[in-house]
$ cat work00.cif   # mmCIF, C-alpha atoms
data_model
#
loop_
_atom_site.label_atom_id
_atom_site.label_comp_id
_atom_site.auth_asym_id
_atom_site.auth_seq_id
_atom_site.Cartn_x
_atom_site.Cartn_y
_atom_site.Cartn_z
CA MET A 1 25.78 -13.01 -18.48
CA LEU A 2 22.95 -12.62 -15.96
CA PRO A 3 23.25 -9.85 -13.32
CA LEU A 4 25.81 -10.72 -10.62
CA GLU A 5 26.31 -14.08 -12.33
CA LEU A 6 23.00 -15.47 -11.17
CA GLU A 7 22.75 -19.23 -11.30
CA PRO A 8 21.37 -20.61 -14.57
CA LEU A 9 17.82 -21.95 -14.52
CA THR A 10 16.86 -25.57 -15.05
CA ASP A 11 14.75 -26.57 -18.05
CA THR A 12 11.69 -26.79 -15.78
CA GLU A 13 12.38 -23.32 -14.39
CA ILE A 14 12.90 -21.90 -17.87
CA ALA A 15 9.51 -23.27 -18.93
CA HIS A 16 7.84 -21.83 -15.82
CA GLU A 17 9.50 -18.45 -16.34
CA GLY A 18 8.39 -18.46 -19.97
CA ARG A 19 4.73 -19.04 -19.07
CA LEU A 20 4.71 -16.14 -16.63
CA ARG A 21 6.62 -13.94 -19.07
CA GLN A 22 3.94 -14.58 -21.70
CA LEU A 23 1.22 -13.67 -19.22
CA ILE A 24 3.00 -10.40 -18.46
CA VAL A 25 3.51 -9.68 -22.17
CA GLU A 26 -0.23 -10.12 -22.73
CA ALA A 27 -0.95 -7.77 -19.81
CA ILE A 28 1.35 -5.14 -21.31
CA GLN A 29 -0.35 -5.45 -24.68
CA SER A 30 -3.81 -5.26 -23.11
CA ALA A 31 -2.74 -2.10 -21.24
CA GLY A 32 -1.74 -0.38 -24.47
CA GLY A 33 1.98 -1.13 -24.42
CA TRP A 34 2.90 0.10 -20.93
CA LEU A 35 2.17 -1.56 -17.58
CA PRO A 36 2.59 0.26 -14.24
CA PHE A 37 5.27 -1.33 -12.10
CA ASP A 38 2.89 -2.32 -9.30
CA ALA A 39 0.73 -4.21 -11.82
CA PHE A 40 3.86 -5.99 -13.10
CA MET A 41 4.93 -6.82 -9.53
CA GLN A 42 1.46 -8.17 -8.73
CA LEU A 43 1.77 -10.65 -11.59
CA ALA A 44 5.41 -11.50 -10.87
CA LEU A 45 4.63 -12.39 -7.26
CA TYR A 46 0.98 -13.45 -7.19
CA ALA A 47 -0.23 -14.58 -10.63
CA PRO A 48 -2.17 -17.82 -9.93
CA CYS A 49 0.06 -20.90 -10.21
CA LEU A 50 2.88 -18.85 -11.73
CA GLY A 51 3.81 -15.93 -9.45
CA TYR A 52 6.63 -16.30 -6.97
CA TYR A 53 4.34 -16.63 -3.95
CA ALA A 54 1.64 -18.58 -5.78
CA ALA A 55 3.82 -21.29 -7.30
CA GLY A 56 6.14 -23.90 -5.88
CA ALA A 57 9.45 -22.05 -5.58
CA HIS A 58 11.32 -23.09 -2.43
CA LYS A 59 11.64 -19.42 -1.31
CA LEU A 60 12.76 -19.57 2.32
CA GLY A 61 15.67 -21.07 4.18
CA ALA A 62 19.10 -22.38 3.25
CA GLY A 63 17.84 -23.96 0.04
CA GLY A 64 15.65 -21.04 -0.96
CA ASP A 65 16.18 -17.41 -1.91
CA PHE A 66 16.43 -15.66 1.46
CA VAL A 67 16.36 -16.31 5.21
CA THR A 68 13.98 -14.52 7.59
CA ALA A 69 14.45 -13.87 11.30
CA PRO A 70 12.45 -16.90 12.52
CA GLU A 71 14.70 -19.21 10.45
CA LEU A 72 17.85 -17.60 11.82
CA SER A 73 17.01 -18.42 15.40
CA PRO A 74 14.06 -19.56 17.53
CA VAL A 75 15.05 -16.77 19.94
CA PHE A 76 13.19 -14.38 17.63
CA GLY A 77 9.93 -16.29 18.03
CA ARG A 78 10.40 -16.64 21.78
CA CYS A 79 10.72 -12.86 22.11
CA VAL A 80 7.64 -12.30 19.95
CA ALA A 81 5.84 -14.83 22.15
CA GLU A 82 6.72 -12.79 25.23
CA GLN A 83 4.99 -9.75 23.75
CA CYS A 84 2.00 -11.88 22.73
CA ALA A 85 1.77 -13.33 26.24
CA GLU A 86 1.61 -9.87 27.77
CA VAL A 87 -1.26 -8.85 25.48
CA LEU A 88 -3.17 -12.09 26.04
CA ARG A 89 -2.82 -11.71 29.82
CA GLN A 90 -4.13 -8.16 29.73
CA LEU A 91 -7.09 -9.21 27.57
CA GLY A 92 -7.87 -12.29 29.63
CA GLY A 93 -7.10 -14.56 26.65
CA GLY A 94 -7.66 -14.40 22.95
CA ASP A 95 -6.47 -15.54 19.53
CA ILE A 96 -3.30 -15.08 17.52
CA VAL A 97 -3.50 -14.52 13.76
CA GLU A 98 -0.26 -14.75 11.79
CA VAL A 99 -0.25 -13.30 8.28
CA GLY A 100 2.21 -14.98 5.92
CA ALA A 101 3.77 -17.59 8.21
CA GLY A 102 6.74 -18.51 6.01
CA THR A 103 8.06 -21.97 6.88
CA GLY A 104 6.08 -22.10 10.12
CA ALA A 105 9.20 -21.41 12.21
CA LEU A 106 7.68 -18.39 13.93
CA ALA A 107 4.42 -20.20 14.75
CA GLU A 108 6.41 -23.14 16.10
CA ALA A 109 8.52 -20.98 18.40
CA VAL A 110 5.63 -18.77 19.55
CA LEU A 111 3.34 -21.68 20.40
CA SER A 112 6.08 -23.60 22.21
CA GLU A 113 7.06 -20.55 24.28
CA LEU A 114 3.45 -19.64 25.09
CA GLN A 115 2.87 -23.19 26.31
CA ALA A 116 5.93 -22.90 28.55
CA SER A 117 4.67 -19.60 29.96
CA GLY A 118 1.12 -20.91 30.46
CA GLN A 119 -0.43 -18.31 28.16
CA LEU A 120 -1.64 -20.21 25.09
CA PRO A 121 -4.11 -18.54 22.74
CA THR A 122 -7.55 -19.96 22.12
CA ARG A 123 -6.62 -20.39 18.46
CA TYR A 124 -3.54 -19.79 16.30
CA ARG A 125 -4.78 -18.96 12.83
CA ILE A 126 -2.45 -18.69 9.85
CA LEU A 127 -3.45 -16.59 6.86
CA GLU A 128 -1.33 -18.00 4.03
CA ILE A 129 -1.97 -17.55 0.30
CA SER A 130 1.00 -19.64 -0.93
CA PRO A 131 0.05 -23.32 -1.39
CA ASP A 132 3.72 -24.32 -1.23
CA LEU A 133 4.35 -22.48 2.03
CA ARG A 134 1.12 -23.75 3.54
CA ASP A 135 2.29 -27.32 2.88
CA ARG A 136 5.67 -26.58 4.47
CA GLN A 137 3.96 -25.04 7.49
CA ARG A 138 1.73 -28.09 7.97
CA GLN A 139 4.72 -30.41 7.73
CA ARG A 140 6.74 -28.44 10.25
CA LEU A 141 3.97 -27.82 12.75
CA SER A 142 2.82 -31.44 12.63
CA ALA A 143 5.84 -32.19 14.84
CA LEU A 144 4.31 -30.10 17.64
CA PRO A 145 2.56 -31.89 20.50
CA PRO A 146 -1.03 -32.74 19.48
CA SER A 147 -2.39 -30.29 22.06
CA LEU A 148 -0.59 -27.42 20.30
CA MET A 149 -1.30 -28.56 16.77
CA ALA A 150 -4.98 -28.65 17.69
CA LEU A 151 -4.88 -24.86 18.14
CA VAL A 152 -3.63 -24.23 14.60
CA GLU A 153 -5.91 -23.60 11.67
CA TRP A 154 -5.29 -22.17 8.22
CA ILE A 155 -7.48 -19.50 6.69
CA ASP A 156 -7.65 -18.11 3.15
CA ALA A 157 -8.70 -14.57 4.06
CA PRO A 158 -8.70 -12.27 7.10
CA PRO A 159 -10.93 -13.64 9.87
CA PRO A 160 -14.54 -12.63 9.25
CA ASP A 161 -15.48 -13.15 12.89
CA ALA A 162 -14.59 -10.63 15.59
CA TYR A 163 -11.72 -11.66 17.87
CA ARG A 164 -9.49 -10.33 20.64
CA GLY A 165 -5.77 -10.95 20.70
CA VAL A 166 -2.69 -10.40 18.55
CA LEU A 167 -2.09 -10.17 14.82
CA ILE A 168 1.50 -10.81 13.64
CA ALA A 169 2.88 -9.85 10.22
CA ASN A 170 6.61 -10.53 10.02
CA GLU A 171 8.22 -9.56 6.69
CA VAL A 172 4.89 -9.36 4.88
CA ILE A 173 4.40 -5.70 3.97
CA ASP A 174 7.66 -5.65 1.99
CA ALA A 175 6.12 -8.16 -0.42
CA LEU A 176 3.10 -5.99 -1.27
CA PRO A 177 3.37 -4.59 -4.84
CA VAL A 178 4.83 -1.10 -5.03
CA ALA A 179 4.50 1.69 -7.53
CA ARG A 180 7.72 3.42 -8.58
CA LEU A 181 8.15 7.14 -9.15
CA ARG A 182 11.05 9.25 -10.39
CA GLY A 183 11.70 12.95 -10.09
CA SER A 184 12.72 14.84 -13.21
CA SER A 185 13.12 18.38 -14.46
CA GLN A 186 9.98 17.79 -16.58
CA GLY A 187 7.90 16.73 -13.58
CA LEU A 188 7.07 13.54 -11.72
CA LEU A 189 7.42 10.31 -13.72
CA ALA A 190 5.79 6.92 -13.11
CA LEU A 191 7.94 3.88 -13.86
CA GLY A 192 6.53 0.84 -15.59
CA VAL A 193 7.28 -1.93 -18.05
CA GLU A 194 7.13 -2.06 -21.83
CA LEU A 195 8.22 -4.46 -24.57
CA HIS A 196 11.36 -3.72 -26.57
CA ASP A 197 12.45 -6.23 -29.22
CA GLY A 198 10.42 -8.86 -27.39
CA ASN A 199 12.08 -8.16 -24.01
CA LEU A 200 10.70 -6.50 -20.90
CA ARG A 201 12.17 -3.07 -20.31
CA GLU A 202 11.70 -0.29 -17.80
CA ALA A 203 9.94 2.76 -19.22
CA SER A 204 8.57 5.96 -17.73
CA ARG A 205 5.48 8.07 -18.33
CA PRO A 206 4.24 11.30 -16.77
CA ALA A 207 2.73 10.50 -13.39
CA SER A 208 -1.03 10.63 -13.05
CA LYS A 209 -2.80 13.36 -11.12
CA ALA A 210 -3.45 10.83 -8.36
CA GLU A 211 0.27 9.98 -8.12
CA VAL A 212 1.26 13.63 -8.06
CA ALA A 213 -1.31 14.21 -5.31
CA ARG A 214 0.01 11.21 -3.37
CA VAL A 215 3.55 12.57 -3.39
CA ALA A 216 2.22 15.96 -2.29
CA ASP A 217 0.29 14.29 0.55
CA MET A 218 3.48 12.54 1.65
CA ASP A 219 5.25 15.92 1.71
CA VAL A 220 8.08 14.49 -0.38
CA GLU A 221 10.18 16.50 -2.81
CA LEU A 222 12.12 14.34 -5.26
CA ALA A 223 15.46 15.46 -6.64
CA ASP A 224 16.10 15.08 -10.35
CA GLN A 225 16.38 11.33 -11.14
CA GLN A 226 15.63 10.33 -7.54
CA GLU A 227 13.42 7.23 -7.36
CA ILE A 228 11.06 6.09 -4.64
CA GLU A 229 8.53 3.31 -4.12
CA TRP A 230 5.15 3.49 -2.44
CA CYS A 231 2.51 0.85 -1.84
CA PRO A 232 -0.92 1.72 -3.28
CA GLN A 233 -2.51 -1.31 -1.59
CA LEU A 234 -1.23 -0.61 1.92
CA SER A 235 -4.15 1.25 3.45
CA ASP A 236 -6.79 -1.14 2.13
CA TRP A 237 -4.64 -4.10 3.18
CA ILE A 238 -4.22 -2.84 6.75
CA ILE A 239 -7.95 -2.21 7.01
CA SER A 240 -8.80 -5.67 5.65
CA ILE A 241 -6.56 -7.63 8.01
CA THR A 242 -7.40 -5.64 11.16
CA THR A 243 -11.16 -5.02 10.80
CA SER A 244 -12.13 -8.09 12.83
CA LEU A 245 -9.60 -7.36 15.62
CA THR A 246 -11.94 -5.77 18.15
CA ALA A 247 -9.41 -5.55 20.99
CA GLY A 248 -5.70 -6.18 20.95
CA VAL A 249 -2.53 -5.43 19.05
CA ALA A 250 -1.27 -5.85 15.50
CA LEU A 251 2.52 -6.29 15.29
CA PHE A 252 4.33 -5.47 12.04
CA ILE A 253 8.03 -6.34 11.75
CA ASP A 254 9.89 -5.56 8.54
CA TYR A 255 12.85 -3.78 7.06
CA GLY A 256 11.97 -0.17 6.55
CA ASP A 257 12.11 3.30 8.01
CA SER A 258 10.14 6.45 8.67
CA ARG A 259 9.21 8.37 5.54
CA ARG A 260 11.64 11.17 6.24
CA HIS A 261 14.57 8.77 6.23
CA LEU A 262 13.27 6.34 3.62
CA TYR A 263 12.82 8.97 0.91
CA SER A 264 16.10 10.73 1.60
CA VAL A 265 18.32 11.76 -1.32
CA ASP A 266 20.82 9.34 0.22
CA ARG A 267 18.74 6.61 -1.49
CA PRO A 268 18.63 8.01 -5.05
CA ARG A 269 17.58 4.66 -6.59
CA GLY A 270 15.00 3.69 -4.02
CA THR A 271 15.06 0.36 -2.21
CA LEU A 272 13.61 -2.17 -4.66
CA VAL A 273 15.72 -5.35 -4.91
CA SER A 274 15.38 -8.92 -6.17
CA PHE A 275 16.36 -12.06 -4.25
CA HIS A 276 17.35 -15.25 -6.04
CA ARG A 277 19.12 -18.09 -4.23
CA HIS A 278 20.54 -15.79 -1.56
CA ARG A 279 21.84 -13.29 -4.09
CA ILE A 280 20.60 -9.72 -4.19
CA HIS A 281 20.43 -7.89 -7.50
CA ASN A 282 18.59 -5.02 -9.17
CA ASP A 283 16.93 -6.59 -12.22
CA PRO A 284 13.25 -7.37 -11.58
CA TYR A 285 12.72 -8.57 -15.16
CA VAL A 286 14.68 -11.83 -15.00
CA ASN A 287 13.77 -15.14 -13.34
CA LEU A 288 10.08 -14.24 -13.43
CA GLY A 289 8.14 -16.21 -10.84
CA LEU A 290 11.41 -17.59 -9.49
CA GLN A 291 12.76 -14.59 -7.56
CA ASP A 292 11.38 -12.38 -4.85
CA LEU A 293 10.82 -8.66 -5.40
CA THR A 294 10.79 -6.47 -2.34
CA ALA A 295 11.07 -2.86 -1.19
CA TRP A 296 11.60 -1.23 2.19
CA VAL A 297 8.49 -0.36 4.16
CA ASP A 298 7.37 3.23 4.74
CA PHE A 299 6.40 2.93 8.41
CA THR A 300 4.92 6.42 8.36
CA ALA A 301 2.46 5.08 5.78
CA VAL A 302 1.78 2.06 8.00
CA ALA A 303 0.94 4.41 10.87
CA GLU A 304 -1.33 6.48 8.62
CA ALA A 305 -3.07 3.34 7.38
CA GLY A 306 -3.55 2.19 10.96
CA LEU A 307 -5.16 5.47 11.95
CA ALA A 308 -7.44 5.22 8.90
CA ALA A 309 -8.43 1.74 10.09
CA GLY A 310 -9.39 3.06 13.55
CA LEU A 311 -6.23 1.87 15.27
CA GLU A 312 -3.71 3.72 17.42
CA VAL A 313 0.06 3.63 17.11
CA ALA A 314 1.10 1.89 20.32
CA GLY A 315 4.81 1.78 19.57
CA TYR A 316 7.50 2.01 16.91
CA THR A 317 11.07 0.91 17.46
CA THR A 318 14.00 -0.99 16.00
CA GLN A 319 13.97 -4.78 15.95
CA ALA A 320 16.95 -4.75 18.32
CA CYS A 321 15.16 -2.62 20.90
CA PHE A 322 11.99 -4.71 20.58
CA LEU A 323 13.76 -8.05 21.02
CA LEU A 324 15.96 -6.83 23.87
CA ALA A 325 12.91 -5.46 25.67
CA CYS A 326 11.21 -8.86 25.23
CA GLY A 327 13.98 -10.76 26.98
CA PHE A 328 16.43 -11.48 24.15
CA ASP A 329 19.40 -12.05 26.47
CA ARG A 330 17.43 -14.37 28.72
CA HIS A 331 15.93 -16.36 25.84
CA LEU A 332 19.32 -16.63 24.11
CA ALA A 333 20.98 -17.94 27.29
CA ARG A 334 18.21 -20.48 27.85
CA TRP A 335 18.40 -21.67 24.23
CA ARG A 336 22.18 -22.03 24.35
CA ASP A 337 21.84 -24.20 27.45
CA GLN A 338 19.55 -26.51 25.48
CA LEU A 339 22.07 -27.04 22.65
CA PRO A 340 25.08 -29.36 22.42
CA ALA A 341 28.22 -27.50 23.47
CA GLU A 342 29.81 -27.79 20.02
CA SER A 343 26.88 -26.11 18.20
CA ALA A 344 26.06 -23.38 20.75
CA PRO A 345 28.62 -20.76 19.58
CA LEU A 346 27.46 -20.83 15.95
CA ALA A 347 23.82 -20.75 17.01
CA ALA A 348 24.52 -17.77 19.25
CA ARG A 349 26.21 -15.89 16.40
CA SER A 350 23.15 -16.47 14.20
CA ALA A 351 20.87 -15.17 16.94
CA LEU A 352 23.01 -12.07 17.46
CA ARG A 353 22.39 -11.07 13.84
CA LEU A 354 18.85 -10.25 14.96
CA VAL A 355 20.04 -7.39 17.16
CA LEU A 356 23.36 -6.21 15.72
CA PRO A 357 23.04 -2.64 14.41
CA ASN A 358 24.92 -3.35 11.18
CA ASP A 359 22.73 -6.38 10.46
CA MET A 360 19.01 -6.82 11.19
CA GLY A 361 18.94 -4.94 14.49
CA GLU A 362 18.40 -1.47 13.07
CA ARG A 363 17.40 -2.12 9.45
CA PHE A 364 14.31 -3.92 10.72
CA LYS A 365 11.64 -2.03 12.62
CA CYS A 366 8.66 -3.08 14.71
CA MET A 367 5.37 -1.22 14.90
CA ALA A 368 2.37 -1.97 17.10
CA LEU A 369 -1.11 -0.79 16.13
CA ALA A 370 -3.69 -1.21 18.87
CA ARG A 371 -7.46 -1.17 19.20
CA ASN A 372 -9.20 -1.01 22.58
CA TYR A 373 -5.94 -1.82 24.31
CA PRO A 374 -4.96 0.98 26.72
CA ASP A 375 -1.95 -0.71 28.31
CA THR A 376 1.69 -0.08 27.39
CA LEU A 377 3.66 -2.76 25.55
CA ALA A 378 6.89 -4.20 26.94
CA GLY A 379 8.48 -4.47 23.50
CA PHE A 380 8.65 -0.69 23.18
CA SER A 381 9.90 0.09 26.68
CA ILE A 382 13.60 0.56 25.82
CA ARG A 383 13.05 3.20 23.15
CA ASP A 384 9.94 4.30 21.28
CA PHE A 385 10.61 6.19 18.06
CA THR A 386 6.98 7.03 17.30
CA GLU A 387 7.78 10.76 17.40
CA THR A 388 10.06 10.30 14.35
CA LEU A 389 7.19 9.19 12.12
#
$ encode --input "work00.cif" --output "structure tokens"
Amino acid sequence: MLPLELEPLTDTEIAHEGRLRQLIVEAIQSAGGWLPFDAFMQLALYAPCLGYYAAGAHKLGAGGDFVTAPELSPVFGRCVAEQCAEVLRQLGGGDIVEVGAGTGALAEAVLSELQASGQLPTRYRILEISPDLRDRQRQRLSALPPSLMALVEWIDAPPPDAYRGVLIANEVIDALPVARLRGSSQGLLALGVELHDGNLREASRPASKAEVARVADMDVELADQQEIEWCPQLSDWIISITTSLTAGVALFIDYGDSRRHLYSVDRPRGTLVSFHRHRIHNDPYVNLGLQDLTAWVDFTAVAEAGLAAGLEVAGYTTQACFLLACGFDRHLARWRDQLPAESAPLAARSALRLVLPNDMGERFKCMALARNYPDTLAGFSIRDFTETL
């Protein structure tokens, strides 16, 4: 029986999973029998043509593995657009770059709302590494008016040319590979993957000097058997995607918390989970290439990475506070008025999930990193939790 009675795979899926499993087995063997977890996660999510985000898994929406905020309701995108409009007005225009645009729902809502407010960007560039998602984005955005579609272009890497404007990364950082560490009475342990009777199995080794130093730098003390995740790529990734932003704001929205809360003993097993067909489970070694692996974001680390990239923390708050400050109530009322009466109540309930404290409202956070942008940001006017970082 698979964990939580996960749905059985089709023959095609079994073959796909087997090819990726063999690739991971070869990586373990090449590494001497033990592969660090972040190296395993890199292959599971991004191995060319086989990893979850590099292959053709449906991923997002009702028929996929999970639903993100832009798919829940266009109200989310309209609120994000309001924050973008404020920045573009203050800068006298500029571009928007969206990193990891999912199904294109956020781009669709943002562009439509910015057109309505008369504050369109010069360009709307989408940095997307998944061929499958890029195709879905093109299909969805092709329904936009030609004048809006003409603003959209897809890029394979962060913009090399300098630009002013807004960078958006909604539920992207949580998909960056994480290393896993465990406290023990014998010292800090690094978690990884080994082969046992031909199967993938979690295994630990003494942490490296660099990992011990990293935990010391984070000022984290792990209890015996307490596990945490951290993202070795984060700082370099933040630098790479923001280097060409010469003036403006980078918005990061994701589930996560400040380091002090994220690495609390109240989370003894960390936050790593797997998503497969809207079911959450704790086994990363099944359904390889067919399930998402994700961990909560350390927003203290995001702030540190931003400072290392020459940016300033311009705000940090909950998703609920951000959306409410960007006109959530007004946008929700306007959207409901546009819907048939019989579908409006259900649509409103879906939208409210974005701000309810026991749903996405508090689990998700929003951080703004700014460069050469001295003005305040409306999205952080209700409550700014930067001091908690």
$ residues_around --input "work00.cif" --residues "Ala344 of chain A" --least-positions-apart "5" --cutoff "12 Å" --atoms "only C-alpha atoms" --output "list of chain:residue names"
A:Ser73, A:Leu332, A:Ala333, A:Arg334, A:Trp335, A:Arg336, A:Asp337, A:Gln338, A:Leu339, A:Arg349, A:Ser350, A:Ala351
$ atom_distance --input "work00.cif" --atom1 "atom CA of Leu72 of chain A" --atom2 "atom CA of Gly118 of chain A"
25.3 Å
$ residues_around --input "work00.cif" --residues "Ile14 of chain A" --least-positions-apart "3" --cutoff "12 Å" --atoms "all atoms listed in the file" --output "PDB file with C-alpha atoms, in the coordinates of the input"
ATOM      1  CA  PRO A   8      21.370 -20.610 -14.570  1.00  0.00           C
ATOM      2  CA  LEU A   9      17.820 -21.950 -14.520  1.00  0.00           C
ATOM      3  CA  THR A  10      16.860 -25.570 -15.050  1.00  0.00           C
ATOM      4  CA  ASP A  11      14.750 -26.570 -18.050  1.00  0.00           C
ATOM      5  CA  GLU A  17       9.500 -18.450 -16.340  1.00  0.00           C
ATOM      6  CA  GLY A  18       8.390 -18.460 -19.970  1.00  0.00           C
ATOM      7  CA  ARG A  19       4.730 -19.040 -19.070  1.00  0.00           C
ATOM      8  CA  LEU A  20       4.710 -16.140 -16.630  1.00  0.00           C
ATOM      9  CA  ARG A  21       6.620 -13.940 -19.070  1.00  0.00           C
ATOM     10  CA  VAL A 286      14.680 -11.830 -15.000  1.00  0.00           C
ATOM     11  CA  ASN A 287      13.770 -15.140 -13.340  1.00  0.00           C
ATOM     12  CA  LEU A 288      10.080 -14.240 -13.430  1.00  0.00           C
ATOM     13  CA  GLY A 289       8.140 -16.210 -10.840  1.00  0.00           C
ATOM     14  CA  LEU A 290      11.410 -17.590  -9.490  1.00  0.00           C
TER      15      LEU A 290
END
$ resolve_selection --input "work00.cif" --expression "the PyMOL selection byres ((chain A and resi 43) around 10)" --output "short mmCIF file (atom, residue, chain, number, x, y, z; two decimals) with C-alpha atoms, in the frame of the given file"
data_model
loop_
_atom_site.label_atom_id
_atom_site.label_comp_id
_atom_site.auth_asym_id
_atom_site.auth_seq_id
_atom_site.Cartn_x
_atom_site.Cartn_y
_atom_site.Cartn_z
CA LEU A 20 4.71 -16.14 -16.63
CA ARG A 21 6.62 -13.94 -19.07
CA LEU A 23 1.22 -13.67 -19.22
CA ILE A 24 3.00 -10.40 -18.46
CA ALA A 27 -0.95 -7.77 -19.81
CA PHE A 37 5.27 -1.33 -12.10
CA ASP A 38 2.89 -2.32 -9.30
CA ALA A 39 0.73 -4.21 -11.82
CA PHE A 40 3.86 -5.99 -13.10
CA MET A 41 4.93 -6.82 -9.53
CA GLN A 42 1.46 -8.17 -8.73
CA ALA A 44 5.41 -11.50 -10.87
CA LEU A 45 4.63 -12.39 -7.26
CA TYR A 46 0.98 -13.45 -7.19
CA ALA A 47 -0.23 -14.58 -10.63
CA PRO A 48 -2.17 -17.82 -9.93
CA LEU A 50 2.88 -18.85 -11.73
CA GLY A 51 3.81 -15.93 -9.45
CA TYR A 52 6.63 -16.30 -6.97
CA ALA A 54 1.64 -18.58 -5.78
CA PRO A 177 3.37 -4.59 -4.84
CA LEU A 288 10.08 -14.24 -13.43
CA GLY A 289 8.14 -16.21 -10.84
#
$ resolve_selection --input "work00.cif" --expression "the PyMOL selection byres ((chain A and resi 220-226) around 6)" --output "PDB file with C-alpha atoms, in the coordinates of the input"
ATOM      1  CA  ARG A 182      11.050   9.250 -10.390  1.00  0.00           C
ATOM      2  CA  GLY A 183      11.700  12.950 -10.090  1.00  0.00           C
ATOM      3  CA  SER A 184      12.720  14.840 -13.210  1.00  0.00           C
ATOM      4  CA  VAL A 215       3.550  12.570  -3.390  1.00  0.00           C
ATOM      5  CA  MET A 218       3.480  12.540   1.650  1.00  0.00           C
ATOM      6  CA  ASP A 219       5.250  15.920   1.710  1.00  0.00           C
ATOM      7  CA  GLU A 227      13.420   7.230  -7.360  1.00  0.00           C
ATOM      8  CA  PRO A 268      18.630   8.010  -5.050  1.00  0.00           C
TER       9      PRO A 268
END
$ closest_residue --input "work00.cif" --among "A:Val166, A:Cys321, A:Ala301, A:Leu141" --to "Gln90 of chain A" --atoms "all atoms listed in the file"
A:Val166
$ closest_residue --input "work00.cif" --among "A:Asn170, A:Ser117, A:Ser112, A:Ser204" --to "Leu144 of chain A" --atoms "all atoms listed in the file"
A:Ser112
$ atom_distance --input "work00.cif" --atom1 "atom CA of Trp237 of chain A" --atom2 "atom CA of Ile173 of chain A"
9.2 Å
$ residues_around --input "work00.cif" --residues "Gln29 of chain A" --least-positions-apart "5" --cutoff "9 Å" --atoms "only C-alpha atoms" --output "VMD selection string"
chain A and resid 24 34 to 35 194 to 195
$ closest_residue --input "work00.cif" --among "A:Leu120, A:Ala69, A:Leu91, A:Ala85" --to "Gly361 of chain A" --atoms "all atoms listed in the file"
A:Ala69
$ closest_residue --input "work00.cif" --among "A:Asp132, A:Leu251, A:Gln137, A:Lys365" --to "Ala107 of chain A" --atoms "all atoms listed in the file"
A:Gln137
$ resolve_selection --input "work00.cif" --expression "the PyMOL selection byres ((chain A and resi 121) around 9)" --output "ChimeraX atom specification"
/A:85,88,93-96,111,114,119-120,122-124,151,165
$ closest_residue --input "work00.cif" --among "A:Ala247, A:Ala157, A:Leu389, A:Leu324" --to "Val87 of chain A" --atoms "all atoms listed in the file"
A:Ala247
$ closest_residue --input "work00.cif" --among "A:Leu200, A:Ala303, A:Leu127, A:Cys84" --to "Glu387 of chain A" --atoms "all atoms listed in the file"
A:Ala303
